Amino acid sequence: QKGKIIYIHLFKAPDGNAILLPDAKMKIKQVKLFGGNTPVKYTKQKDGISISTEGITVNDPDTVIMVEVG
């Protein structure tokens with residue numbers, strides 16, 4: 001994390017095509033792929049934030065998802 005941006009590095013596609021950030025109180029402004037403006041779907045759940053990785057191709061060395069909090 002740097003400032004209000006959390007960087008999630010994917011080295012392989014996660015099981016179930018989702019990543020769970022366990023802080024349910026976090027306020028999300030936007031989630032997108034690093035290096036572009038491609039939005040990434042997410043849903044707020046009682047146990048955290050679920051970020052969908054469906055349709056995201058993991059490239060070498062890694063693929064980065066940026067989560068902007070506010």
# chains A, B, ... in the order shown; residues from 1 in each chain; ligands from 1

$ residues_around --residues "segment 55-59 of chain A" --least-positions-apart "2" --cutoff "8 Å" --atoms "only C-alpha atoms" --output "ChimeraX atom specification"
/A:10-13,53,61-63

$ write_last_selection --atoms "C-alpha atoms" --output "PDB file, in the first residue's frame"
ATOM      1  CA  LEU A  10      -1.221 -11.536  -8.997  1.00  0.00           C
ATOM      2  CA  PHE A  11       1.369 -14.147  -9.928  1.00  0.00           C
ATOM      3  CA  LYS A  12      -1.299 -16.685 -10.922  1.00  0.00           C
ATOM      4  CA  ALA A  13      -5.079 -16.665 -11.244  1.00  0.00           C
ATOM      5  CA  THR A  53     -10.598 -11.616 -11.270  1.00  0.00           C
ATOM      6  CA  PRO A  61       5.989 -11.441 -14.189  1.00  0.00           C
ATOM      7  CA  ASP A  62       2.713 -10.381 -12.560  1.00  0.00           C
ATOM      8  CA  THR A  63      -0.544  -8.517 -13.050  1.00  0.00           C
TER       9      THR A  63
END

$ residues_around --residues "Gly36 of chain A" --least-positions-apart "5" --cutoff "12 Å" --atoms "only C-alpha atoms" --output "MDAnalysis selection string"
chainID A and resid 31 63:66

$ residues_around --residues "Ile5 of chain A" --least-positions-apart "5" --cutoff "7 Å" --atoms "only C-alpha atoms" --output "VMD selection string"
chain A and resid 66 to 69

$ write_last_selection --atoms "N, CA, C and O atoms" --output "CSV table (one decimal), in the first residue's frame"
chain,number,residue,atom,x,y,z
A,66,MET,N,-5.1,-2.3,-8.8
A,66,MET,CA,-5.0,-1.1,-7.9
A,66,MET,C,-6.4,-0.9,-7.3
A,66,MET,O,-7.4,-0.8,-8.0
A,67,VAL,N,-6.4,-0.8,-5.9
A,67,VAL,CA,-7.6,-0.5,-5.2
A,67,VAL,C,-7.4,0.9,-4.6
A,67,VAL,O,-6.5,1.1,-3.7
A,68,GLU,N,-8.2,1.9,-5.0
A,68,GLU,CA,-8.2,3.2,-4.4
A,68,GLU,C,-9.2,3.3,-3.3
A,68,GLU,O,-10.4,3.1,-3.5
A,69,VAL,N,-8.7,3.6,-2.1
A,69,VAL,CA,-9.6,3.8,-0.9
A,69,VAL,C,-9.7,5.3,-0.6
A,69,VAL,O,-8.9,6.1,-1.0

$ residues_around --residues "Ile51 of chain A" --least-positions-apart "2" --cutoff "9 Å" --atoms "only C-alpha atoms" --output "count of residues only"
13

$ select_by_dssp --residues "chain A" --states "strand (DSSP E or B)" --output "ChimeraX atom specification"
/A:2,5-10,18-21,28-33,39,42-45,48-52,63-69

$ closest_residue --among "A:Glu54, A:Gln45, A:Lys32, A:Pro39" --to "Ile6 of chain A" --atoms "only C-alpha atoms"
A:Lys32

$ atom_distance --atom1 "atom CA of Thr38 of chain A" --atom2 "atom CA of Ser50 of chain A"
17.2 Å

$ atom_distance --atom1 "atom CA of Gly3 of chain A" --atom2 "atom CA of Asp60 of chain A"
25.9 Å

$ atom_distance --atom1 "atom CA of Asp15 of chain A" --atom2 "atom CA of Ile28 of chain A"
23.0 Å

$ closest_residue --among "A:Gly70, A:Asp47, A:Gln1, A:Tyr7" --to "Phe34 of chain A" --atoms "only C-alpha atoms"
A:Tyr7

$ decode --residues "segment 2-52 of chain A" --atoms "N, CA and C atoms" --output "PDB file, in the first residue's frame"
ATOM      1  N   LYS A   2       0.488   2.221  -0.784  1.00  0.00           N
ATOM      2  CA  LYS A   2       1.181   3.503  -0.804  1.00  0.00           C
ATOM      3  C   LYS A   2       0.106   4.570  -0.825  1.00  0.00           C
ATOM      4  N   GLY A   3       0.034   5.343   0.258  1.00  0.00           N
ATOM      5  CA  GLY A   3      -1.000   6.357   0.352  1.00  0.00           C
ATOM      6  C   GLY A   3      -2.372   5.725   0.365  1.00  0.00           C
ATOM      7  N   LYS A   4      -3.233   6.184  -0.550  1.00  0.00           N
ATOM      8  CA  LYS A   4      -4.599   5.677  -0.624  1.00  0.00           C
ATOM      9  C   LYS A   4      -4.781   4.603  -1.687  1.00  0.00           C
ATOM     10  N   ILE A   5      -3.670   4.036  -2.171  1.00  0.00           N
ATOM     11  CA  ILE A   5      -3.727   2.990  -3.190  1.00  0.00           C
ATOM     12  C   ILE A   5      -3.158   1.689  -2.616  1.00  0.00           C
ATOM     13  N   ILE A   6      -3.939   0.616  -2.743  1.00  0.00           N
ATOM     14  CA  ILE A   6      -3.479  -0.721  -2.390  1.00  0.00           C
ATOM     15  C   ILE A   6      -3.165  -1.429  -3.697  1.00  0.00           C
ATOM     16  N   TYR A   7      -1.972  -1.993  -3.805  1.00  0.00           N
ATOM     17  CA  TYR A   7      -1.544  -2.707  -5.007  1.00  0.00           C
ATOM     18  C   TYR A   7      -1.585  -4.205  -4.729  1.00  0.00           C
ATOM     19  N   ILE A   8      -2.376  -4.926  -5.501  1.00  0.00           N
ATOM     20  CA  ILE A   8      -2.479  -6.372  -5.363  1.00  0.00           C
ATOM     21  C   ILE A   8      -1.749  -6.996  -6.544  1.00  0.00           C
ATOM     22  N   HIS A   9      -0.694  -7.755  -6.250  1.00  0.00           N
ATOM     23  CA  HIS A   9       0.109  -8.402  -7.290  1.00  0.00           C
ATOM     24  C   HIS A   9      -0.368  -9.840  -7.467  1.00  0.00           C
ATOM     25  N   LEU A  10      -0.790 -10.176  -8.681  1.00  0.00           N
ATOM     26  CA  LEU A  10      -1.221 -11.536  -8.997  1.00  0.00           C
ATOM     27  C   LEU A  10      -0.118 -12.236  -9.779  1.00  0.00           C
ATOM     28  N   PHE A  11       0.359 -13.347  -9.240  1.00  0.00           N
ATOM     29  CA  PHE A  11       1.369 -14.147  -9.928  1.00  0.00           C
ATOM     30  C   PHE A  11       0.729 -15.334 -10.652  1.00  0.00           C
ATOM     31  N   LYS A  12      -0.496 -15.669 -10.243  1.00  0.00           N
ATOM     32  CA  LYS A  12      -1.299 -16.685 -10.922  1.00  0.00           C
ATOM     33  C   LYS A  12      -2.757 -16.369 -10.629  1.00  0.00           C
ATOM     34  N   ALA A  13      -3.647 -16.909 -11.440  1.00  0.00           N
ATOM     35  CA  ALA A  13      -5.079 -16.665 -11.244  1.00  0.00           C
ATOM     36  C   ALA A  13      -5.522 -17.310  -9.930  1.00  0.00           C
ATOM     37  N   PRO A  14      -6.232 -16.569  -9.090  1.00  0.00           N
ATOM     38  CA  PRO A  14      -6.673 -17.135  -7.807  1.00  0.00           C
ATOM     39  C   PRO A  14      -7.798 -18.149  -7.992  1.00  0.00           C
ATOM     40  N   ASP A  15      -7.863 -19.103  -7.066  1.00  0.00           N
ATOM     41  CA  ASP A  15      -8.951 -20.083  -7.079  1.00  0.00           C
ATOM     42  C   ASP A  15     -10.277 -19.359  -6.895  1.00  0.00           C
ATOM     43  N   GLY A  16     -11.274 -19.755  -7.637  1.00  0.00           N
ATOM     44  CA  GLY A  16     -12.589 -19.155  -7.515  1.00  0.00           C
ATOM     45  C   GLY A  16     -12.736 -17.808  -8.190  1.00  0.00           C
ATOM     46  N   ASN A  17     -11.696 -17.347  -8.901  1.00  0.00           N
ATOM     47  CA  ASN A  17     -11.732 -16.068  -9.625  1.00  0.00           C
ATOM     48  C   ASN A  17     -12.099 -14.882  -8.746  1.00  0.00           C
ATOM     49  N   ALA A  18     -11.635 -14.891  -7.488  1.00  0.00           N
ATOM     50  CA  ALA A  18     -11.917 -13.757  -6.598  1.00  0.00           C
ATOM     51  C   ALA A  18     -10.830 -13.646  -5.537  1.00  0.00           C
ATOM     52  N   ILE A  19     -10.645 -12.406  -5.074  1.00  0.00           N
ATOM     53  CA  ILE A  19      -9.727 -12.102  -3.984  1.00  0.00           C
ATOM     54  C   ILE A  19     -10.556 -11.433  -2.899  1.00  0.00           C
ATOM     55  N   LEU A  20     -10.362 -11.828  -1.650  1.00  0.00           N
ATOM     56  CA  LEU A  20     -11.092 -11.217  -0.546  1.00  0.00           C
ATOM     57  C   LEU A  20     -10.154 -10.348   0.276  1.00  0.00           C
ATOM     58  N   LEU A  21     -10.473  -9.052   0.358  1.00  0.00           N
ATOM     59  CA  LEU A  21      -9.768  -8.152   1.271  1.00  0.00           C
ATOM     60  C   LEU A  21     -10.598  -8.133   2.546  1.00  0.00           C
ATOM     61  N   PRO A  22     -10.044  -8.547   3.683  1.00  0.00           N
ATOM     62  CA  PRO A  22     -10.855  -8.790   4.875  1.00  0.00           C
ATOM     63  C   PRO A  22     -11.344  -7.561   5.639  1.00  0.00           C
ATOM     64  N   ASP A  23     -11.083  -6.357   5.200  1.00  0.00           N
ATOM     65  CA  ASP A  23     -11.528  -5.168   5.928  1.00  0.00           C
ATOM     66  C   ASP A  23     -12.857  -4.673   5.370  1.00  0.00           C
ATOM     67  N   ALA A  24     -13.950  -5.009   6.030  1.00  0.00           N
ATOM     68  CA  ALA A  24     -15.282  -4.631   5.550  1.00  0.00           C
ATOM     69  C   ALA A  24     -15.577  -3.143   5.732  1.00  0.00           C
ATOM     70  N   LYS A  25     -14.810  -2.445   6.558  1.00  0.00           N
ATOM     71  CA  LYS A  25     -15.048  -1.017   6.812  1.00  0.00           C
ATOM     72  C   LYS A  25     -14.351  -0.115   5.793  1.00  0.00           C
ATOM     73  N   MET A  26     -13.537  -0.705   4.936  1.00  0.00           N
ATOM     74  CA  MET A  26     -12.793   0.047   3.936  1.00  0.00           C
ATOM     75  C   MET A  26     -13.763   0.685   2.933  1.00  0.00           C
ATOM     76  N   LYS A  27     -13.541   1.953   2.626  1.00  0.00           N
ATOM     77  CA  LYS A  27     -14.352   2.641   1.618  1.00  0.00           C
ATOM     78  C   LYS A  27     -13.581   2.639   0.304  1.00  0.00           C
ATOM     79  N   ILE A  28     -14.152   1.998  -0.699  1.00  0.00           N
ATOM     80  CA  ILE A  28     -13.502   1.848  -2.002  1.00  0.00           C
ATOM     81  C   ILE A  28     -13.991   2.954  -2.943  1.00  0.00           C
ATOM     82  N   LYS A  29     -13.044   3.668  -3.561  1.00  0.00           N
ATOM     83  CA  LYS A  29     -13.388   4.648  -4.593  1.00  0.00           C
ATOM     84  C   LYS A  29     -13.451   3.977  -5.949  1.00  0.00           C
ATOM     85  N   GLN A  30     -12.411   3.166  -6.261  1.00  0.00           N
ATOM     86  CA  GLN A  30     -12.383   2.458  -7.536  1.00  0.00           C
ATOM     87  C   GLN A  30     -11.376   1.324  -7.473  1.00  0.00           C
ATOM     88  N   VAL A  31     -11.578   0.343  -8.362  1.00  0.00           N
ATOM     89  CA  VAL A  31     -10.660  -0.787  -8.518  1.00  0.00           C
ATOM     90  C   VAL A  31     -10.402  -0.916 -10.009  1.00  0.00           C
ATOM     91  N   LYS A  32      -9.128  -0.954 -10.406  1.00  0.00           N
ATOM     92  CA  LYS A  32      -8.796  -1.058 -11.828  1.00  0.00           C
ATOM     93  C   LYS A  32      -7.459  -1.749 -12.006  1.00  0.00           C
ATOM     94  N   LEU A  33      -7.199  -2.185 -13.242  1.00  0.00           N
ATOM     95  CA  LEU A  33      -5.918  -2.793 -13.561  1.00  0.00           C
ATOM     96  C   LEU A  33      -4.850  -1.711 -13.661  1.00  0.00           C
ATOM     97  N   PHE A  34      -3.664  -2.000 -13.163  1.00  0.00           N
ATOM     98  CA  PHE A  34      -2.538  -1.071 -13.236  1.00  0.00           C
ATOM     99  C   PHE A  34      -2.120  -0.892 -14.694  1.00  0.00           C
ATOM    100  N   GLY A  35      -1.811   0.332 -15.059  1.00  0.00           N
ATOM    101  CA  GLY A  35      -1.342   0.619 -16.407  1.00  0.00           C
ATOM    102  C   GLY A  35      -2.456   0.932 -17.392  1.00  0.00           C
ATOM    103  N   GLY A  36      -3.646   1.132 -16.891  1.00  0.00           N
ATOM    104  CA  GLY A  36      -4.764   1.445 -17.775  1.00  0.00           C
ATOM    105  C   GLY A  36      -5.972   1.845 -16.950  1.00  0.00           C
ATOM    106  N   ASN A  37      -7.059   2.060 -17.618  1.00  0.00           N
ATOM    107  CA  ASN A  37      -8.287   2.435 -16.924  1.00  0.00           C
ATOM    108  C   ASN A  37      -9.328   1.323 -16.956  1.00  0.00           C
ATOM    109  N   THR A  38      -8.885   0.082 -17.120  1.00  0.00           N
ATOM    110  CA  THR A  38      -9.820  -1.035 -17.153  1.00  0.00           C
ATOM    111  C   THR A  38     -10.378  -1.278 -15.757  1.00  0.00           C
ATOM    112  N   PRO A  39     -11.680  -1.061 -15.565  1.00  0.00           N
ATOM    113  CA  PRO A  39     -12.259  -1.266 -14.236  1.00  0.00           C
ATOM    114  C   PRO A  39     -12.334  -2.748 -13.880  1.00  0.00           C
ATOM    115  N   VAL A  40     -12.256  -3.029 -12.584  1.00  0.00           N
ATOM    116  CA  VAL A  40     -12.366  -4.383 -12.069  1.00  0.00           C
ATOM    117  C   VAL A  40     -13.588  -4.423 -11.154  1.00  0.00           C
ATOM    118  N   LYS A  41     -14.428  -5.447 -11.329  1.00  0.00           N
ATOM    119  CA  LYS A  41     -15.649  -5.560 -10.528  1.00  0.00           C
ATOM    120  C   LYS A  41     -15.308  -5.965  -9.093  1.00  0.00           C
ATOM    121  N   TYR A  42     -16.061  -5.404  -8.148  1.00  0.00           N
ATOM    122  CA  TYR A  42     -15.904  -5.775  -6.745  1.00  0.00           C
ATOM    123  C   TYR A  42     -17.262  -5.672  -6.058  1.00  0.00           C
ATOM    124  N   THR A  43     -17.404  -6.398  -4.966  1.00  0.00           N
ATOM    125  CA  THR A  43     -18.620  -6.323  -4.167  1.00  0.00           C
ATOM    126  C   THR A  43     -18.245  -6.249  -2.697  1.00  0.00           C
ATOM    127  N   LYS A  44     -19.018  -5.475  -1.974  1.00  0.00           N
ATOM    128  CA  LYS A  44     -18.807  -5.348  -0.539  1.00  0.00           C
ATOM    129  C   LYS A  44     -19.618  -6.440   0.151  1.00  0.00           C
ATOM    130  N   GLN A  45     -18.962  -7.176   1.050  1.00  0.00           N
ATOM    131  CA  GLN A  45     -19.607  -8.228   1.806  1.00  0.00           C
ATOM    132  C   GLN A  45     -19.404  -7.956   3.287  1.00  0.00           C
ATOM    133  N   LYS A  46     -20.109  -8.687   4.138  1.00  0.00           N
ATOM    134  CA  LYS A  46     -19.980  -8.419   5.572  1.00  0.00           C
ATOM    135  C   LYS A  46     -18.595  -8.769   6.103  1.00  0.00           C
ATOM    136  N   ASP A  47     -17.874  -9.691   5.447  1.00  0.00           N
ATOM    137  CA  ASP A  47     -16.547 -10.077   5.917  1.00  0.00           C
ATOM    138  C   ASP A  47     -15.416  -9.418   5.137  1.00  0.00           C
ATOM    139  N   GLY A  48     -15.731  -8.507   4.205  1.00  0.00           N
ATOM    140  CA  GLY A  48     -14.690  -7.813   3.464  1.00  0.00           C
ATOM    141  C   GLY A  48     -15.132  -7.392   2.079  1.00  0.00           C
ATOM    142  N   ILE A  49     -14.156  -7.123   1.233  1.00  0.00           N
ATOM    143  CA  ILE A  49     -14.392  -6.707  -0.145  1.00  0.00           C
ATOM    144  C   ILE A  49     -13.952  -7.848  -1.058  1.00  0.00           C
ATOM    145  N   SER A  50     -14.848  -8.319  -1.915  1.00  0.00           N
ATOM    146  CA  SER A  50     -14.524  -9.383  -2.858  1.00  0.00           C
ATOM    147  C   SER A  50     -14.236  -8.751  -4.215  1.00  0.00           C
ATOM    148  N   ILE A  51     -13.024  -8.981  -4.726  1.00  0.00           N
ATOM    149  CA  ILE A  51     -12.601  -8.444  -6.014  1.00  0.00           C
ATOM    150  C   ILE A  51     -12.615  -9.574  -7.031  1.00  0.00           C
ATOM    151  N   SER A  52     -13.388  -9.404  -8.091  1.00  0.00           N
ATOM    152  CA  SER A  52     -13.503 -10.426  -9.123  1.00  0.00           C
ATOM    153  C   SER A  52     -12.303 -10.373 -10.061  1.00  0.00           C
TER     154      SER A  52
END
